[in-house]
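Below: the structure, in structure tokens.
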Amino acid sequence: MKVVDYLSKLEYNQFKVEEWVKSFWERESVYKLVKAKSATSTRKFYFLDGPPYASAKSIHPGTAWNKVVKDIVLRYHRMAGYNVWDKPGYDTHGLPIEVKIEQSLGLQVKKDIYEKVGVEKFIEYCKAFVDENMEAMTRQFKEIGVFMDWENPYVTYTNDYIEAGWWLVKRAHERRLLYRGYKVLHWCPRCETTLADYEVSEYRELEDPSIYVKLPVRGRSGEYLLIWTTTPWTLPANTFVMAHPDLDYVRVRVGGEVYILAEARLEHVMREAGVKDYVVLERFKGRDLEGLEYDHPLEDLVDAQRELRRYHRVILAAEAVSPHEGTGLVHSAPGHGTIDYEIAVRNGIPVVSLVDEVGRMTEGAGRYKGLYFRTEANKAIVEDLRSRGALFHESTVVHRYPVCWRCKTPLVLRATNQWFIAVTKLKDELVREAERVEWRPTWAKTRFLNILQELRDWVISRQRFWGIPLPIWVCRSCSYTHVVGSVRELEELGGYRPRDLHRPWIDEVKLKCPKCGGVMERVPDVLDVWFDSGVAFYASLGYPMRRDLYESLEPADFIVEGHDQIRGWFFSLLRSGVIGFNKTPYRRVLVHGFMLDELGREMHKSLGNYVDFEELISRVPRDVVRFWLSLNTTWEDIRFSWKALEQVQRDFTVIWNTFVFASTYMGLDSFDPEVVTIESVKDSLEVEDRWLLSRVNKLVKAYREAMEDLRIHDAARALRSFILDDVSRFYIRLVRRRVWEEADTPGKRAAYATLYKALKTWLALAAPIIPFTTEYLYQHFVKPAEANAPSSVHLLDMPVAEEQLIDEELEQDMEIARAFIEAALSARASAGLKLRRPVRRVIIAAVDEKASKAVRRLSDVIAEMVNAKTVEVVGMDFFEELKVYRLEPNMGEIGRDYKRLTPEIVKLLEARGGEIAGELLAKGYYEVELGGVRVRLEPRHVEVKVEYPEWLSVKKIDYGVVAVDTRITVEEEAEGYAREVVRRVQHMRKEMKLNIEDKIEVWIWGDVEIVEAVKLFEGYVRNETRAVKLNYEKPEEKVYTREWDIEDKVVSIGIRRA
RNA sequence: GGGCCCGUAGCUCAGCCUGGUGGAGCGCCCGGCUGAUAACCGGGAGGUCGGGGGUUCGAAUCCCCCCGGGCCCA
């Protein structure tokens, strides 16, 4: 079949192109075809989608980027012959969604959920909300061309998924990793739930008291340990004081009292307290303080202190004490501090927490009972300390304080009973498995391993509703605890399958205790939402209910997410993989960056710098967005910019024009790529054809290497520079004249075969990155010309490089030729010679044999691009001989040295410039006698300028020297005019909207010189303009006529369709 | 305070791993082209390669320190 020129008939509009492709895909079920083809491959490629969080209807542009990266990799692997697993996922549980529902229902506190709506309704609201969001998100992902299995996503709230989650809890239990513990954790007093380390992600600048408290040393009247705190509400739970063993401490007398604190803090503390007179009595090491006992200043007001007073002493703890903050003595409330807790446990000291789940002080706080911790309790406690004279100094401080990531309520650290998985026991295994993973870029691995160093046990329980219910039942009678791993196990223990595995339905399932026969009830907690996505690698495949799929696909061959997920999902996956299967669930990881605003800040709706996805794709075509994203180094952040997008859009115009060019001429000449193959024209290939074939095969090689190595940006950049630089800006310009020939010459066929091959190959390579544009061009350019071509560009096989067509030497030679072309064009420009006007000769002297060979080999290419009749290759001596030295006198220097002789010296320089310059260059000076005086001219007296004759415009480059002979004969002048006339006729043809193949008749009259020039080049003019006849007179009838001004010569041209 | 990343032309970014006279696009100025044309091509101006120190014959590139920004943590 033959190329049919559809493209040049169309008005280019990238939006319309994409709309057309969208409905084409729909109409032809292209995704299904692509998937079916991929399924026939035997090499598996298990891609695991990091599930986006379904908490909003509009995706963040960064989420779009994320999916585009995934789509590119998936499309590439399908075309490269992999059986690709492409199930997308949605993360659907968790506090953020609960909070949104609470807000929409106007609920203030947790108990409102029970009392105002009921848990059942609440869960239904959550589910409906998520369903709507998923639908909207899916539509948007499809909108930017993401080919994934949208009809079968994995959704974390389904019963199957929940059951799969239970399996891992059971597995942890079997491995003796599951335990219940009393631990200090961040707690949100509004959401009434504990938060994991990684959920403590938001901080606010808040004002708190900053107080120095005097703790009386037991048995030493008037002597105090000085501590500093910004959390007075923790003082009722004070249990001990920590000191650094190696730090220097001092006893200091201020007035009648003695204080103990670190020497390093002394000056600072005294200055802050405004104390000028103090005397250091003694200096000693912190370790000497060990065991020193003290009394609590509020002991009588706080019930809990009756028990705690026996622990009030100094304990050594280097890790808890900083010489840069406080007093070097740290007040410790193990129930409200992480390090405090650890040290208490290590020393066998009890952990007391005096704040309840809504942030109020408990019974044990005695007088402070019922007061809200950060506000009321702080105030009351500071007042009491002040009235008792227990404050050394008080002020306030504004510092970063953690707040709830969802509701922004300031958090409280409190000890509670929670369920944990002892991942610290798995540290070595985790490190070992992380080492086995391939990380792109490699620094992601460093970061990951660093994170593993800070490993803590995993708190999996949350006191909430919308999540996977914790599958733990406890016997009411004997406290026996059973972990349920599946619904079947539930039934085996006397339970049943509720209609939904969420709360509240699951809460009603009671089991029979296997130990005592009593009634077992479920622990009311749900699982940390990070648990959900962490099990995706097997849960999304239906494991453990069905095993075959997981067993045939694992491990995941590829995952990719933003760099925030190194600590997030990449970690939680690995953690679950090691807990469940003792190995990493993924093999290769790619990290992508963040989408920032134009100033490099994060994009947030609240900052007003947010670009809505819908707005984005309504203003910018999808492929333009995709290409822009792809050109950015994947793992680096990208700054959003409308302007950058506009620039990329311009590249698309050039790409379009390139295909229009090919389509136009191939269509005109009925080029048949199935008949005129590269093989069939191989004896007619010109040097530029062989060059392009080499280039395109090198592109295939570089592109595939980049994609295999997950360097998408390198692949995208290679594609861009090939189509823009090699094809559009070089090859096409070069072959235009060959293509314009009317006759069906072997040379033209060779150019078509070459260009067709290059463009078709490029389409296949670019298809994963810009799927819309490539599909459109394929359907309108390739498919009509090849009956047996697949029905979509996405069904093509990824091209394989034909190594034998790669000609390194030719490519290098072309590089050299291009450098000379550039230089010659520059030389033309500086001589003021328009490119339209041919020059007689271009003279090139190459610097070495290699360059010289390149020029000789490619002299035709150079001549064509520079519009020169001939290219002469000469030796360097050619230019040496033509060199003219001109001396410019440096009047200041000459005048100072030779005063009155100056005018004569200047005259001499003019007369004998060449000779003087020669000697100056050779010897460094020139001596002469002038009027009886010895004149010695040195370089400082003159400036030596190298010049060439006027008719030669010279340019020097690394490879050598190029010169344009600017002398023009009468004939060349005439040819120049003929070209000017041709250009104007073409312009008029265009104005008349003539087709390229239409013949015309031309009349030309006016300036004699120009008319004569046209006569001289009549054949050329007729051929270029497709004129059947030229008349050198005014036409008798009325034809389309214009008057032109060519370099101040006036001429009229008339045209009529013949 | 810690780990990792980034800092190169007015702007956006390549180059750095594997040291050898600094690149592209945009913008600006000048010129050209007009049978791919709401395009395109050429030329020019424009750089303390964040700062300092070290290694080296030679550092944007390797090492150390510092400054600024980002991410993740404390």
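Scheme for the structure tokens: letters A, B, ... for chains in order shown; per-chain residue numbers from 1; ligand numbers from 1 in order shown.
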
Please identify every residue of chain B that has at least one atom no farther than 10 Å from an atom of chain A, counting only C-alpha atoms (C1' of nucleotides), and for each give the shortest atom pair and the distance in Å to one decimal, arranged by chain then increasing number, as a Markdown table.
```
| residue | atom | partner | partner_atom | distance |
| --- | --- | --- | --- | --- |
| B:G3 | C1' | A:Asn450 | CA | 6.3 |
| B:C4 | C1' | A:Arg447 | CA | 5.5 |
| B:C5 | C1' | A:Glu636 | CA | 8.1 |
| B:C6 | C1' | A:Glu636 | CA | 8.2 |
| B:U12 | C1' | A:Ala644 | CA | 7.2 |
| B:C13 | C1' | A:Asn632 | CA | 8.5 |
| B:A14 | C1' | A:Thr633 | CA | 9.7 |
| B:G25 | C1' | A:Gln647 | CA | 8.1 |
| B:C26 | C1' | A:Gln647 | CA | 7.4 |
| B:G31 | C1' | A:Ala829 | CA | 7.1 |
| B:G32 | C1' | A:Lys834 | CA | 6.5 |
| B:C33 | C1' | A:Leu835 | CA | 8.2 |
| B:U34 | C1' | A:Arg983 | CA | 7.3 |
| B:G35 | C1' | A:Ile996 | CA | 6.6 |
| B:A36 | C1' | A:Asn657 | CA | 4.5 |
| B:U37 | C1' | A:Asn657 | CA | 9.1 |
| B:A39 | C1' | A:Val654 | CA | 7.7 |
| B:C40 | C1' | A:Arg729 | CA | 8.6 |
| B:C41 | C1' | A:Arg729 | CA | 8.2 |
| B:G42 | C1' | A:Leu825 | CA | 6.7 |
| B:G43 | C1' | A:Ser826 | CA | 6.2 |
| B:G69 | C1' | A:Gly600 | CA | 8.5 |
| B:G70 | C1' | A:Gly600 | CA | 8.2 |
| B:C71 | C1' | A:Asp564 | CA | 6.6 |
| B:C72 | C1' | A:Asp564 | CA | 6.6 |
| B:C73 | C1' | A:Ile451 | CA | 8.4 |
```

Selection: 12 Å around range 366-381 of chain A, only C-alpha atoms (C1' of nucleotides), excl. self and same-chain fewer than 5 positions, as number ranges by chain: A: 189-190, 206-211, 213, 229-237, 297-306, 336, 353-361, 386-388, 390-391, 396, 401, 409-414

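With CA of Pro96 in chain A on one side and CA of Arg406 in chain A on the other, the separation reads 5.8 Å.
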
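Note that the spacing between C1' of C11 in chain B and CA of Pro61 in chain A amounts to 22.4 Å.
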
Excluding same-chain residues fewer than 3 positions from Arg588 in chain A, what lies within 6 Å of it counting only C-alpha atoms (C1' of nucleotides), as an MDAnalysis selection string? chainID A and resid 437:438 557:558

Take the selection from the previous step and output its residues with N, CA and C atoms, as an mmCIF file, in the first residue's frame.
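What follows is the written file out.cif:
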```cif
data_model
loop_
_atom_site.group_PDB
_atom_site.id
_atom_site.type_symbol
_atom_site.label_atom_id
_atom_site.label_comp_id
_atom_site.auth_asym_id
_atom_site.auth_seq_id
_atom_site.Cartn_x
_atom_site.Cartn_y
_atom_site.Cartn_z
ATOM 1 N N VAL A 437 17.786 -5.339 46.987
ATOM 2 C CA VAL A 437 16.948 -4.562 46.072
ATOM 3 C C VAL A 437 17.819 -3.648 45.216
ATOM 4 N N GLU A 438 17.396 -3.459 43.957
ATOM 5 C CA GLU A 438 18.078 -2.507 43.088
ATOM 6 C C GLU A 438 17.407 -1.150 43.235
ATOM 7 N N ASP A 557 8.568 -6.948 40.153
ATOM 8 C CA ASP A 557 9.754 -6.579 39.390
ATOM 9 C C ASP A 557 10.030 -5.092 39.443
ATOM 10 N N PHE A 558 8.985 -4.342 39.767
ATOM 11 C CA PHE A 558 9.168 -2.904 39.680
ATOM 12 C C PHE A 558 8.138 -2.167 40.527
#
```

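Scanning range 563-626 of chain A with DSSP on the backbone, the helix (DSSP H, G or I) assignments fall on His563, Asp564, Gln565, Ile566, Trp569, Phe570, Phe571, Ser572, Leu573, Leu574, Arg575, Ser576, Gly577, Val578, Ile579, Gly580, Phe581, Phe613, Glu614, Glu615, Leu616, Ile617, Ser618, Arg619, Arg622, Asp623, Val624, Val625 and Arg626 of chain A.
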
Write out as number ranges by chain which residues come within 12 Å of G23 in chain B when counting only C-alpha atoms (C1' of nucleotides), dropping same-chain ones fewer than 6 positions away. B: 8-9, 13-15, 47, 49, 60
